[in-house]
Amino acid sequence: MAANPYDLLGVSSSASASDIQKAYRKLAKKLHPDLNPGDKSAEEKFKEVTAAYDLLGDADKRKRFDDGEIDASGAERPQQHFYRDYAGSEESHPYANSGGFADFMDRDDVLAELLRRGQQARANRRGEDLHYRLPIEFVESISGTNKRLTLPDGGTLDVKIPPGLVDGQILRLKGKGAPGAGTGGPGDALIEVEVLPDRRFTRDGDNVSLELPISLSEAVLGGQVRVPTPNGHVTMSVPKGSNTGTTLRLRGKGAPRREGGSGDELVKLKIVLPRSPDPDLEAFVSNWSKGKNHNPREGGPS
Amino acid sequence: MILSKQEFLTASGVQVETLEFWLVQEWLIPEQTGAETRFSDGDVARARLIQNLKTDLGVNDEGVDVALHLLDQLHGMRHALARLHKDIAELRSRRS
């Protein structure tokens, strides 16, 4: 700072301490960068005046300056970020308020339209929705469950999976997204649920399908078999003379319907012969003359 | 940068009772997530402005209230003006 601090504050070298303070305050009110957000030169001038006041506002420093012990240099305050640097940034600012021009937005012209649009985009902006993916097991998608999602920032989110949810369905957790600006309120967490494929069950609408292996004797003679369903095992009767492809229906064992009740489980039978060849079975089939005359390909692909 | 209440007090040099008063006055409106209060760098700068107003400029509490209110409106207008500026530039370039 080269200029004489007395000149900068506009006071005489014999001014009283209170005159100096008064002069400084008067200048600072005019020059404070935050009171002149659009004036780039204000900051430089304000710094000079502040430095002058730091020197002359302190009786001891002032005396040493008057005696020529110190000069006006080196008295500047460290670099300061003013509020205007933040309030003026592009990002929405929670404090900015439209009270100064709201009346212009009420009019019916292009300017009002542009102002309104800008206002909606900026002020009181609702927080963003955050997207997550959550894989769940097939049976969980039918019966419903509670899951805890670990977020990238280390936080957790408890998610209630409702029964009957389908792959790709999006759950919305209100207010669990990013925080908003001003009175905008937080966004939502949107959780896309991925239903992992199951090696037993497949889903078709509200129905659940299952391929159930049965033995030859169960197929020919019928019997009671245990069948898995998404909600646990049940016992089912296989009627006499069932075949591969025969589909049996377990009522109400499928996925819950939105309107109440549940779909069915469709059990598709598949006859499975014993793994190792059985001499008795071979002997029986070779003596079974009717079996040789039966052509299952008749009337179909040959 | 996001600061906790303690970090804010250190960064701004504001006393905890003073901060409580400012919060009640709504001179500062930090972000609230659950029970946690989070301050931004802008909040720190705003705190410094309030201190400047009170100590350097000799503004009393009523004066700070008025000054902040007017400043917030001024920044609101500046945002609106900047936005208008951008929109008009866009409209022009679309037309040409």
# chains A, B, ... in the order shown; residues from 1 in each chain; ligands from 1
>>> closest_atom_pairs(of="chain A", to="chain B", cutoff="6 Å", atoms="only C-alpha atoms", output="CSV")
residue,atom,partner,partner_atom,distance
A:Arg25,CA,B:Leu57,CA,5.1
A:Phe82,CA,B:Ala45,CA,5.8
A:Tyr83,CA,B:Ala45,CA,4.6
A:Tyr86,CA,B:Gly42,CA,5.2
A:Tyr95,CA,B:Asp72,CA,5.8
A:Ala96,CA,B:Gly76,CA,4.4
A:Asn97,CA,B:Gly76,CA,4.8
A:Ser98,CA,B:Gly76,CA,5.3
A:Gly99,CA,B:Gln73,CA,5.8
A:Gly100,CA,B:Gln73,CA,5.3
>>> residues_around(residues="Gly175 in chain A", least_positions_apart="4", cutoff="12 Å", atoms="only C-alpha atoms", output="list in words")
Arg126, Gly127, Glu128, Asp129, Leu130, Leu157, Pro179, Gly180, Gly184, Gly185, Pro186, Gly187, Asp188, Ala189 and Leu190 of chain A; Thr33 and Gly34 of chain B
>>> write_last_selection(atoms="C-alpha atoms", output="PDB file, in the first residue's frame")
ATOM      1  CA  ARG A 126     -36.151 -30.085  -4.689  1.00  0.00           C
ATOM      2  CA  GLY A 127     -33.264 -32.472  -4.117  1.00  0.00           C
ATOM      3  CA  GLU A 128     -32.392 -34.893  -6.846  1.00  0.00           C
ATOM      4  CA  ASP A 129     -33.764 -38.387  -6.972  1.00  0.00           C
ATOM      5  CA  LEU A 130     -31.065 -40.948  -6.393  1.00  0.00           C
ATOM      6  CA  LEU A 157     -31.269 -47.613   3.456  1.00  0.00           C
ATOM      7  CA  PRO A 179     -31.262 -32.921   0.037  1.00  0.00           C
ATOM      8  CA  GLY A 180     -32.956 -29.978  -1.616  1.00  0.00           C
ATOM      9  CA  GLY A 184     -37.364 -27.578  -1.764  1.00  0.00           C
ATOM     10  CA  GLY A 185     -37.188 -30.683   0.391  1.00  0.00           C
ATOM     11  CA  PRO A 186     -35.185 -33.780  -0.399  1.00  0.00           C
ATOM     12  CA  GLY A 187     -35.617 -35.939  -3.485  1.00  0.00           C
ATOM     13  CA  ASP A 188     -36.607 -39.580  -3.444  1.00  0.00           C
ATOM     14  CA  ALA A 189     -34.591 -42.740  -3.593  1.00  0.00           C
ATOM     15  CA  LEU A 190     -35.614 -44.785  -6.625  1.00  0.00           C
TER      16      LEU A 190
ATOM     17  CA  THR B  33     -29.970 -33.822   7.175  1.00  0.00           C
ATOM     18  CA  GLY B  34     -31.632 -35.742   9.937  1.00  0.00           C
TER      19      GLY B  34
END
>>> residues_around(residues="Asp54 in chain A", least_positions_apart="2", cutoff="10 Å", atoms="only C-alpha atoms", output="ChimeraX atom specification")
/A:5,24,48-52,56-59,61-62,72,75-77
>>> atom_distance(atom1="CA of Lys22 in chain A", atom2="CA of Ile70 in chain A")
23.7 Å
>>> select_by_dssp(residues="range 61-219 of chain A", states="helix (DSSP H, G or I)", output="PyMOL selection string")
chain A and resi 61-66+83-87+98-100+102-105+110-122+138-143+216-219
>>> write_last_selection(atoms="C-alpha atoms", output="PDB file, in the first residue's frame")
ATOM      1  CA  LYS A  61       0.265   1.176  15.586  1.00  0.00           C
ATOM      2  CA  ARG A  62      -0.832   4.674  14.706  1.00  0.00           C
ATOM      3  CA  LYS A  63       1.766   6.167  17.015  1.00  0.00           C
ATOM      4  CA  ARG A  64       4.522   3.996  15.584  1.00  0.00           C
ATOM      5  CA  PHE A  65       3.457   4.993  12.089  1.00  0.00           C
ATOM      6  CA  ASP A  66       3.407   8.692  13.021  1.00  0.00           C
ATOM      7  CA  TYR A  83     -19.897 -13.834   0.566  1.00  0.00           C
ATOM      8  CA  ARG A  84     -20.623 -12.514  -2.908  1.00  0.00           C
ATOM      9  CA  ASP A  85     -18.188 -15.107  -4.312  1.00  0.00           C
ATOM     10  CA  TYR A  86     -20.583 -17.813  -3.155  1.00  0.00           C
ATOM     11  CA  ALA A  87     -23.921 -16.094  -3.502  1.00  0.00           C
ATOM     12  CA  SER A  98     -37.163 -13.214  -5.395  1.00  0.00           C
ATOM     13  CA  GLY A  99     -38.848 -10.535  -3.256  1.00  0.00           C
ATOM     14  CA  GLY A 100     -37.164  -7.824  -5.297  1.00  0.00           C
ATOM     15  CA  ALA A 102     -41.664 -11.134  -7.933  1.00  0.00           C
ATOM     16  CA  ASP A 103     -44.083  -8.550  -9.357  1.00  0.00           C
ATOM     17  CA  PHE A 104     -42.344  -8.751 -12.718  1.00  0.00           C
ATOM     18  CA  MET A 105     -43.006 -12.475 -12.851  1.00  0.00           C
ATOM     19  CA  VAL A 110     -41.835 -12.808 -22.470  1.00  0.00           C
ATOM     20  CA  LEU A 111     -39.739 -11.308 -19.717  1.00  0.00           C
ATOM     21  CA  ALA A 112     -42.100 -12.625 -17.050  1.00  0.00           C
ATOM     22  CA  GLU A 113     -42.083 -16.020 -18.701  1.00  0.00           C
ATOM     23  CA  LEU A 114     -38.284 -16.177 -18.717  1.00  0.00           C
ATOM     24  CA  LEU A 115     -38.090 -14.998 -15.126  1.00  0.00           C
ATOM     25  CA  ARG A 116     -40.593 -17.603 -14.012  1.00  0.00           C
ATOM     26  CA  ARG A 117     -38.709 -20.348 -15.767  1.00  0.00           C
ATOM     27  CA  GLY A 118     -35.415 -19.301 -14.205  1.00  0.00           C
ATOM     28  CA  GLN A 119     -37.027 -19.110 -10.828  1.00  0.00           C
ATOM     29  CA  GLN A 120     -38.412 -22.605 -10.957  1.00  0.00           C
ATOM     30  CA  ALA A 121     -35.066 -23.942 -12.035  1.00  0.00           C
ATOM     31  CA  ARG A 122     -33.195 -22.313  -9.223  1.00  0.00           C
ATOM     32  CA  PHE A 138     -36.963 -64.926  -6.750  1.00  0.00           C
ATOM     33  CA  VAL A 139     -38.714 -66.317  -3.678  1.00  0.00           C
ATOM     34  CA  GLU A 140     -38.224 -62.956  -1.929  1.00  0.00           C
ATOM     35  CA  SER A 141     -39.953 -61.255  -4.827  1.00  0.00           C
ATOM     36  CA  ILE A 142     -43.036 -63.439  -4.274  1.00  0.00           C
ATOM     37  CA  SER A 143     -43.199 -63.469  -0.488  1.00  0.00           C
ATOM     38  CA  LEU A 216     -42.142 -93.625 -13.744  1.00  0.00           C
ATOM     39  CA  SER A 217     -44.082 -95.352 -11.012  1.00  0.00           C
ATOM     40  CA  GLU A 218     -45.511 -92.052  -9.714  1.00  0.00           C
ATOM     41  CA  ALA A 219     -46.566 -91.284 -13.291  1.00  0.00           C
TER      42      ALA A 219
END
>>> atom_distance(atom1="CA of Gly252 in chain A", atom2="CA of Leu266 in chain A")
10.3 Å
>>> residues_around(residues="Gly164 in chain A", least_positions_apart="3", cutoff="12 Å", atoms="only C-alpha atoms", output="compact mmCIF listing (two decimals) with N, CA and C atoms, in the first residue's frame")
# COMPACT_ATOMS: atom_id res chain seq x y z
N PHE A 138 -35.63 -64.77 -6.19
CA PHE A 138 -36.96 -64.93 -6.75
C PHE A 138 -38.01 -65.13 -5.66
N VAL A 139 -37.71 -66.03 -4.71
CA VAL A 139 -38.71 -66.32 -3.68
C VAL A 139 -39.00 -65.07 -2.84
N GLU A 140 -38.00 -64.20 -2.68
CA GLU A 140 -38.22 -62.96 -1.93
C GLU A 140 -39.17 -62.03 -2.69
N SER A 141 -39.09 -62.12 -4.03
CA SER A 141 -39.95 -61.26 -4.83
C SER A 141 -41.41 -61.67 -4.70
N ILE A 142 -41.66 -62.96 -4.42
CA ILE A 142 -43.04 -63.44 -4.27
C ILE A 142 -43.55 -63.20 -2.86
N SER A 143 -42.71 -63.52 -1.87
CA SER A 143 -43.20 -63.47 -0.49
C SER A 143 -42.97 -62.11 0.16
N GLY A 144 -42.10 -61.28 -0.45
CA GLY A 144 -41.79 -60.00 0.19
C GLY A 144 -40.73 -60.19 1.26
N THR A 145 -39.99 -59.12 1.55
CA THR A 145 -38.93 -59.23 2.54
C THR A 145 -38.46 -57.83 2.91
N ILE A 161 -39.54 -54.79 0.69
CA ILE A 161 -39.95 -55.35 -0.60
C ILE A 161 -41.35 -55.91 -0.44
N ASP A 167 -39.57 -58.19 -11.68
CA ASP A 167 -38.23 -57.76 -12.08
C ASP A 167 -38.31 -56.39 -12.76
N GLN A 169 -39.12 -53.58 -11.45
CA GLN A 169 -40.04 -52.65 -10.78
C GLN A 169 -39.23 -51.65 -9.95
N VAL A 193 -35.51 -52.84 -8.64
CA VAL A 193 -35.31 -54.16 -8.06
C VAL A 193 -35.08 -55.17 -9.17
N VAL A 195 -34.88 -59.00 -9.97
CA VAL A 195 -35.20 -60.31 -9.44
C VAL A 195 -34.27 -61.33 -10.09
N ARG A 203 -41.71 -67.08 -13.77
CA ARG A 203 -42.93 -66.36 -13.49
C ARG A 203 -43.61 -65.95 -14.78
N ASP A 204 -44.92 -66.09 -14.80
CA ASP A 204 -45.71 -65.64 -15.95
C ASP A 204 -46.91 -64.90 -15.40
N GLY A 205 -46.85 -63.60 -15.37
CA GLY A 205 -47.92 -62.81 -14.75
C GLY A 205 -47.99 -63.13 -13.27
N ASP A 206 -49.19 -63.51 -12.82
CA ASP A 206 -49.33 -63.83 -11.40
C ASP A 206 -49.02 -65.29 -11.12
N ASN A 207 -48.84 -66.05 -12.20
CA ASN A 207 -48.58 -67.47 -12.00
C ASN A 207 -47.09 -67.76 -11.93
N VAL A 208 -46.80 -68.81 -11.18
CA VAL A 208 -45.41 -69.25 -11.06
C VAL A 208 -45.36 -70.65 -11.64
N PRO A 230 -42.90 -70.94 -3.72
CA PRO A 230 -42.11 -69.81 -3.20
C PRO A 230 -42.29 -69.62 -1.69
N ASN A 231 -43.41 -70.12 -1.15
CA ASN A 231 -43.65 -69.95 0.28
C ASN A 231 -43.43 -71.24 1.07
N LYS A 253 -51.00 -70.52 -5.00
CA LYS A 253 -49.60 -70.64 -4.57
C LYS A 253 -48.66 -69.80 -5.45
N GLY A 254 -49.23 -68.93 -6.26
CA GLY A 254 -48.40 -68.08 -7.12
C GLY A 254 -48.12 -66.74 -6.47
N ALA A 255 -47.94 -65.73 -7.32
CA ALA A 255 -47.60 -64.40 -6.81
C ALA A 255 -48.87 -63.67 -6.38
N PRO A 256 -48.77 -62.86 -5.32
CA PRO A 256 -49.93 -62.09 -4.88
C PRO A 256 -50.40 -61.14 -5.98
N ARG A 257 -51.72 -60.98 -6.08
CA ARG A 257 -52.26 -60.03 -7.06
C ARG A 257 -52.48 -58.70 -6.36
N ARG A 258 -52.38 -57.65 -7.14
CA ARG A 258 -52.57 -56.32 -6.57
C ARG A 258 -53.98 -56.16 -6.02
N GLU A 259 -54.94 -56.76 -6.74
CA GLU A 259 -56.33 -56.58 -6.32
C GLU A 259 -56.73 -57.59 -5.25
N GLY A 260 -55.77 -58.32 -4.69
CA GLY A 260 -56.07 -59.31 -3.66
C GLY A 260 -56.00 -60.71 -4.21
N GLY A 261 -55.81 -61.68 -3.31
CA GLY A 261 -55.67 -63.05 -3.75
C GLY A 261 -54.31 -63.28 -4.37
N SER A 262 -54.13 -64.47 -4.93
CA SER A 262 -52.83 -64.80 -5.50
C SER A 262 -53.03 -65.60 -6.77
N GLY A 263 -52.02 -65.59 -7.61
CA GLY A 263 -52.02 -66.45 -8.79
C GLY A 263 -51.76 -67.90 -8.38
